[in-house]
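Contents: one structure, followed by commentary.
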2 protein chains.
Amino acid sequence: MTENKNQSGTPLSKIGEFKLIDHLTNQFKIKHKSTIKGIGDDCAVLDYSNKQTLITTDLLIEGIHFDLSYVPLKHLGYKAVMVNLSDVYSMNGDAKQITVSIAVSNRFPLEALEELYAGIKIACNAYNIDLIGGDTTSSTKGLLISITAIGEADDKDIVYRDGAKPNDLLVVTGDLGAAYLGLQVLEREKQVFQADPNAQPELENYTYLVQRQLRPESRKDIVKLLKDLKVKPTAMMDISDGLSSEILHICKQSKVGCNLFEDKIPLDPQVISTCEEFNMDSTTVALNGGEDYELLFTISQDDFPKIKANPNLTVIGHITDKKEGVNLITRANQKIEIIAQGWNALK
Amino acid sequence: MTENKNQSGTPLSKIGEFKLIDHLTNQFKIKHKSTIKGIGDDCAVLDYSNKQTLITTDLLIEGIHFDLSYVPLKHLGYKAVMVNLSDVYSMNGDAKQITVSIAVSNRFPLEALEELYAGIKIACNAYNIDLIGGDTTSSTKGLLISITAIGEADDKDIVYRDGAKPNDLLVVTGDLGAAYLGLQVLEREKQVFQADPNAQPELENYTYLVQRQLRPESRKDIVKLLKDLKVKPTAMMDISDGLSSEILHICKQSKVGCNLFEDKIPLDPQVISTCEEFNMDSTTVALNGGEDYELLFTISQDDFPKIKANPNLTVIGHITDKKEGVNLITRANQKIEIIAQGWNALK
């Protein structure tokens with residue numbers, strides 16, 4: 001009877017996700033020695049043994065994170081797992097288990113959930129993951145997926161966001177911007193289809209972009225590669241919200257600045273051609289697009305010889321003193337301050 | 001573009017939650033030695049050390065699991081934590097951490113979430129729990145809470161659902177049915193309020209019932225008590241869906257039968273008086289009500305002397321051979337087969 005029904009309070013949209021989490025949780029105190037790392041990184045780290053346990057969780061909601069008019073449920077199941085595993089790999093850890101909770105409205109028949117779980121199963125097999133629990137319930141609207149991933153790592157191998165040092169190199173895996181452009185292509189096709197239900201989707205020029213959007217991979221291979229190369233990053237996270245947002249996280253938590261070089265950002269040829277077609281700036285797309293699930297990390301300059309020949313890894317900048325700020329160095333050699341414009345789940 | 005839009009498939013409502021989970025997950029194979037127990041109990045058990053890690057997760061959805069017209073958000077936060085911790089205690093384990101993910105529609109101001117997290121914090125302090133992560137996002141409708149709890153236990157202390165043996169005693173903690181009746185009282189008051197917004201809620205005769213519904217406790221104390229008494233149950237689970245449903249789980253997984261004695265079921269005086277007022281059968285309420293978060297367990301008869309004087313524990317029946325079935329022995333000494341009529345989250 002005492003529910004706060006005050007609708008004139010501070011709207012969440014004004015606060016932003018990260019501040020909201022901080023605001024809501026900063027009075028919680030860590031009480032256990034086994035809690036090595038709580039809120040504030042991609043994973044929580046628990047010391048339950050000689051290995052440390054990694055836990056991460058994500059919510060995916062229909063109408064917010066995905067649109068079932070063009071996302072096949074099997075792909076959605078696969079992607080929902082990738083999103084979570086990516087957070088374990090970004091700690092330099094090895095994902096082992098997931099829990100999957102789903103809520104569905106009564107418009108979903110059993111066969112729809114079978115498709116969803118078929119995608120989850122493919123992901124579990126491909127990445128050697130055990131499904132170990134979850135919850136299933138009805139929803140009053142749409143489909144919701146909540147996944148928790150659990151992994152492990154040796155204490156000495158775990159990489160946090162806060163270890164970047166001035167003069168470290170900033171490295172990214174794969175290429176950026178494709179997942180965002182894939183979403184734009186799918187949204188355009190949806191509108192064409194709505195205008196003319198007999199229209200056939202034209203996706204052949206965008207296969208890589210659509211694949212990156214609908215069926216992304218997480219970079220388990222990079223954790224192994226770094227081990228093989230004997231490189232331990234000084235800081236690392238995955239790129240889910242967009243490169244600019246993630247660089248700002250690393251710089252803030254490491255208390256450093258950064259120079260990011262526009263001409264170094266790795267782009268797939270399909271990203272470049274589609275940006276031209278859509279009249280979009282490819283750098284903006286790479287900086288703010290998100291959902292690429294590549295890894296972003298910093299390494300000591302001493303480790304550069306070990307990585308320089310690797311086609312999976314691109315050096316895109318270097319860490320500076322904090323007072324230098326976080327900057328994009330443009331192709332015209334202009335220095336522009338980087339501000340986060342990535343995905344905001346509370347907009 | 002390949003989404004299964006077949007609305008004429010098997011409706012979920014016909015399947016039921018447990019069969020659905022089994023149906024969707026029975027082709028997942030356990031791959032890791034560290035996965036001691038996956039789907040099928042209150043918690044998954046992971047061997048990450050000399051201690052074993054317990055993981056459990058629950059989804060709570062507005063309009064399905066709670067009604068904010070009479071559930072204060074602070075109580076909701078507290079209860080959401082209890083629901084999850086209860087699953088850890090029901091493994092005879094010690095809960096240590098939780099992750100909390102929430103999705104909220106834009107009708108919720110910041111102050112509403114503060115209330116919610118205030119309740120979560122009170123629960124974390126009272127039960128010595130670290131909040132270690134989560135996710136926050138917007139929803140297209142209402143409030144949703146997804147919590148994962150993590151705990152630990154010594155291998156030799158963990159109690160599963162499948163260890164009950166013929167002649168074991170069936171024991172329940174506390175009393176049953178109050179949470180369900182609390183819900184009935186609150187629903188009635190809601191209807192009175194809707195008919196006359198100036199009506200004042202009349203709850204003074206139902207304080208215990210309303211408290212059990214809005215602000216339940218989980219039985220951490222019982223795990224300690226059993227340790228102090230040197231009693232290890234042969235099977236255990238918490239009562240979230242209703243006594244009848246939980247007894248059937250234990251009997252099915254342990255491959256045994258059971259005789260439950262109606263006159264032994266512990267009822268609070270307020271439950272008895274309110275059942276009379278509402279013209280409800282108190283045994284039906286205790287069997288099918290759910291949400292009491294008491295523990296239900298079986299012990300060897302040899303352990304009876306250790307528990308018999310304890311006011312927290314009531315022997316309500318005994319385990320039989322499977323062929324005897326699962327029965328309620330009524331006050332009139334009639335034998336009635338028990339069938340589950342508890343909470344079905346997919347109805």
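Each chain in the structure tokens gets a letter, A, B and so on, in the order shown; residues start at 1 in every chain, and ligands are counted from 1 in the order they appear.
Residues of range 185-326 of chain A carrying a DSSP assignment of strand (DSSP E or B), computed from the backbone, are A:Ala235, A:Met236, A:Met237, A:Asp238, A:Gly257, A:Cys258, A:Asn259, A:Leu260, A:Phe261, A:Leu295, A:Leu296, A:Phe297, A:Thr298, A:Ile299, A:Leu313, A:Thr314, A:Val315, A:Ile316, A:Gly317, A:His318, A:Ile319, A:Thr320, A:Val326.
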Please produce a file of the residues just selected, as a short mmCIF file (atom, residue, chain, number, x, y, z; two decimals), in the first residue's frame, where the atoms kept are N, CA and C atoms.
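This is the output file again.cif:
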data_model
loop_
_atom_site.label_atom_id
_atom_site.label_comp_id
_atom_site.auth_asym_id
_atom_site.auth_seq_id
_atom_site.Cartn_x
_atom_site.Cartn_y
_atom_site.Cartn_z
N ALA A 235 44.67 -4.35 -19.95
CA ALA A 235 43.24 -4.11 -19.73
C ALA A 235 42.49 -4.72 -20.90
N MET A 236 41.26 -5.15 -20.67
CA MET A 236 40.49 -5.73 -21.79
C MET A 236 39.00 -5.65 -21.49
N MET A 237 38.20 -5.48 -22.54
CA MET A 237 36.75 -5.63 -22.46
C MET A 237 36.21 -5.98 -23.84
N ASP A 238 34.95 -6.37 -23.91
CA ASP A 238 34.39 -6.66 -25.23
C ASP A 238 33.62 -5.45 -25.74
N GLY A 257 44.54 8.57 -20.44
CA GLY A 257 43.97 9.11 -21.68
C GLY A 257 44.30 8.17 -22.83
N CYS A 258 43.93 8.58 -24.04
CA CYS A 258 44.14 7.70 -25.19
C CYS A 258 44.12 8.51 -26.48
N ASN A 259 44.96 8.14 -27.43
CA ASN A 259 44.84 8.64 -28.79
C ASN A 259 44.45 7.47 -29.69
N LEU A 260 43.29 7.59 -30.32
CA LEU A 260 42.78 6.58 -31.25
C LEU A 260 42.93 7.14 -32.66
N PHE A 261 43.54 6.38 -33.56
CA PHE A 261 43.80 6.87 -34.91
C PHE A 261 42.73 6.38 -35.88
N LEU A 295 37.00 -7.96 -29.18
CA LEU A 295 37.68 -7.60 -27.93
C LEU A 295 38.54 -6.37 -28.15
N LEU A 296 38.55 -5.50 -27.16
CA LEU A 296 39.38 -4.30 -27.15
C LEU A 296 40.34 -4.45 -25.97
N PHE A 297 41.65 -4.33 -26.23
CA PHE A 297 42.58 -4.49 -25.11
C PHE A 297 43.82 -3.63 -25.28
N THR A 298 44.53 -3.50 -24.19
CA THR A 298 45.78 -2.73 -24.20
C THR A 298 46.92 -3.69 -23.84
N ILE A 299 48.08 -3.45 -24.48
CA ILE A 299 49.27 -4.27 -24.16
C ILE A 299 50.47 -3.36 -23.99
N LEU A 313 44.51 -9.09 -35.18
CA LEU A 313 44.75 -8.01 -34.23
C LEU A 313 45.21 -6.74 -34.93
N THR A 314 44.63 -5.60 -34.57
CA THR A 314 45.00 -4.33 -35.16
C THR A 314 45.29 -3.32 -34.06
N VAL A 315 46.46 -2.71 -34.12
CA VAL A 315 46.78 -1.63 -33.19
C VAL A 315 46.10 -0.36 -33.70
N ILE A 316 45.22 0.22 -32.88
CA ILE A 316 44.45 1.39 -33.33
C ILE A 316 44.79 2.66 -32.57
N GLY A 317 45.71 2.56 -31.60
CA GLY A 317 46.04 3.77 -30.86
C GLY A 317 46.97 3.46 -29.72
N HIS A 318 47.14 4.44 -28.84
CA HIS A 318 47.98 4.21 -27.68
C HIS A 318 47.45 5.00 -26.49
N ILE A 319 47.82 4.50 -25.32
CA ILE A 319 47.37 5.10 -24.07
C ILE A 319 48.29 6.28 -23.72
N THR A 320 47.69 7.33 -23.16
CA THR A 320 48.44 8.54 -22.78
C THR A 320 48.17 8.85 -21.31
N VAL A 326 40.84 11.78 -23.94
CA VAL A 326 40.55 10.63 -24.81
C VAL A 326 40.16 11.19 -26.18
#
Worksheet item: Excluding same-chain residues fewer than 5 positions from Gly119 in chain B, what lies within 9 Å of it counting only C-alpha atoms, as a list in words?
Response: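 Result of the neighbour search: Leu73, Lys74, His75, Leu76, Gly77, Tyr78, Lys79, Val81, Glu114 and Cys124 of chain B.
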May I have the selected residues written with N, CA and C atoms, as a short mmCIF file (atom, residue, chain, number, x, y, z; two decimals), in the first residue's frame?
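Final output, again_19.cif:
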data_model
loop_
_atom_site.label_atom_id
_atom_site.label_comp_id
_atom_site.auth_asym_id
_atom_site.auth_seq_id
_atom_site.Cartn_x
_atom_site.Cartn_y
_atom_site.Cartn_z
N LEU B 73 7.45 -1.63 -3.47
CA LEU B 73 8.66 -2.00 -4.20
C LEU B 73 9.79 -2.44 -3.27
N LYS B 74 9.86 -1.86 -2.10
CA LYS B 74 10.92 -2.27 -1.17
C LYS B 74 10.74 -3.73 -0.75
N HIS B 75 9.49 -4.09 -0.47
CA HIS B 75 9.20 -5.49 -0.14
C HIS B 75 9.47 -6.40 -1.33
N LEU B 76 9.14 -5.92 -2.52
CA LEU B 76 9.38 -6.73 -3.72
C LEU B 76 10.87 -7.04 -3.88
N GLY B 77 11.71 -6.03 -3.65
CA GLY B 77 13.15 -6.25 -3.75
C GLY B 77 13.62 -7.28 -2.73
N TYR B 78 13.11 -7.14 -1.51
CA TYR B 78 13.47 -8.09 -0.45
C TYR B 78 13.03 -9.50 -0.83
N LYS B 79 11.79 -9.63 -1.27
CA LYS B 79 11.25 -10.94 -1.60
C LYS B 79 11.98 -11.58 -2.78
N VAL B 81 15.01 -11.38 -3.54
CA VAL B 81 16.26 -11.98 -3.05
C VAL B 81 15.94 -13.27 -2.28
N GLU B 114 14.96 3.00 -6.66
CA GLU B 114 15.65 3.16 -5.37
C GLU B 114 14.95 2.37 -4.28
N CYS B 124 20.25 -8.22 1.52
CA CYS B 124 21.68 -8.57 1.44
C CYS B 124 22.36 -8.40 2.79
#
Discussion item. So that I can see what lies close to range 55-67 of chain B, please list as a ChimeraX atom specification the residues with an atom at most 9 Å from it, counting only C-alpha atoms and leaving out residues fewer than 4 positions away in the same chain.
Written reply: /A:99-103,132-140,146,148 /B:42-46,71,76,80,83-85,87-88,141-152,345
Worksheet, complete the sentence: In terms of only C-alpha atoms, the residue from A:Asp196, A:Asp168, A:Asp155, A:Glu277 at minimal distance from Leu54 in chain A is A:Asp155
Fill in: Close residues, Glu246 in chain A itself excluded, 10 Å, only C-alpha atoms, min 3 positions apart in chain, as a ChimeraX atom specification
/A:161,236-243,249-252,287-288,290,295-297,340,342
Item to complete: Write down as a PyMOL selection string the residues belonging to range 234-281 of chain A that are assigned alpha helix (DSSP H) by DSSP computed on the backbone.
Response: chain A and resi 243-254+269-278
Item to complete: One decimal, Å: what's the distance from CA of Lys264 in chain B over to CA of Thr284 in chain B, could you say?
Response: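 So the two atoms, CA of Lys264 in chain B and CA of Thr284 in chain B, lie 13.6 Å apart.
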Item to complete: Do a neighbour search on Ser218 in chain A at 7 Å with only C-alpha atoms, toss out local chain neighbours closer than 2 positions, and write the hits as a ChimeraX atom specification.
Response: /A:82,85-86,216,220,293
Writing out the chosen residues with N, CA and C atoms as a PDB file, in the first residue's frame:
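What landed in out01.pdb:
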ATOM      1  N   MET A  82      26.158 -15.914 -27.133  1.00  0.00           N
ATOM      2  CA  MET A  82      27.398 -15.207 -27.492  1.00  0.00           C
ATOM      3  C   MET A  82      27.607 -13.944 -26.658  1.00  0.00           C
ATOM      4  N   LEU A  85      28.916 -15.076 -23.267  1.00  0.00           N
ATOM      5  CA  LEU A  85      30.255 -15.679 -23.293  1.00  0.00           C
ATOM      6  C   LEU A  85      31.311 -14.608 -23.553  1.00  0.00           C
ATOM      7  N   SER A  86      30.945 -13.666 -24.403  1.00  0.00           N
ATOM      8  CA  SER A  86      31.878 -12.594 -24.751  1.00  0.00           C
ATOM      9  C   SER A  86      32.409 -11.883 -23.500  1.00  0.00           C
ATOM     10  N   PRO A 216      26.355 -13.331 -34.431  1.00  0.00           N
ATOM     11  CA  PRO A 216      27.742 -12.953 -34.099  1.00  0.00           C
ATOM     12  C   PRO A 216      28.454 -14.094 -33.383  1.00  0.00           C
ATOM     13  N   LYS A 220      36.359 -16.440 -28.269  1.00  0.00           N
ATOM     14  CA  LYS A 220      37.064 -17.459 -27.486  1.00  0.00           C
ATOM     15  C   LYS A 220      38.463 -17.718 -28.062  1.00  0.00           C
ATOM     16  N   TYR A 293      30.962  -7.453 -30.690  1.00  0.00           N
ATOM     17  CA  TYR A 293      31.496  -8.501 -29.799  1.00  0.00           C
ATOM     18  C   TYR A 293      32.942  -8.867 -30.110  1.00  0.00           C
TER      19      TYR A 293
END
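Distance check against chain B using only C-alpha atoms: of A:Val210, A:Asp175, A:Asp228, A:Asp157, the minimum falls on A:Val210.
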Practice prompt. Go through A:Leu169, A:Leu131, A:Ile158, A:Lys323 one by one, measure the shortest atom-to-atom distance of each to Pro305 in chain A using only C-alpha atoms, and give the residue with the smallest value.
Written response: A:Leu169
Fill in: Counting only C-alpha atoms, the option among B:Leu170, B:Leu209, B:Val285, B:Ile98 closest to chain A
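Nearest candidate to chain A out of B:Leu170, B:Leu209, B:Val285, B:Ile98: B:Ile98.
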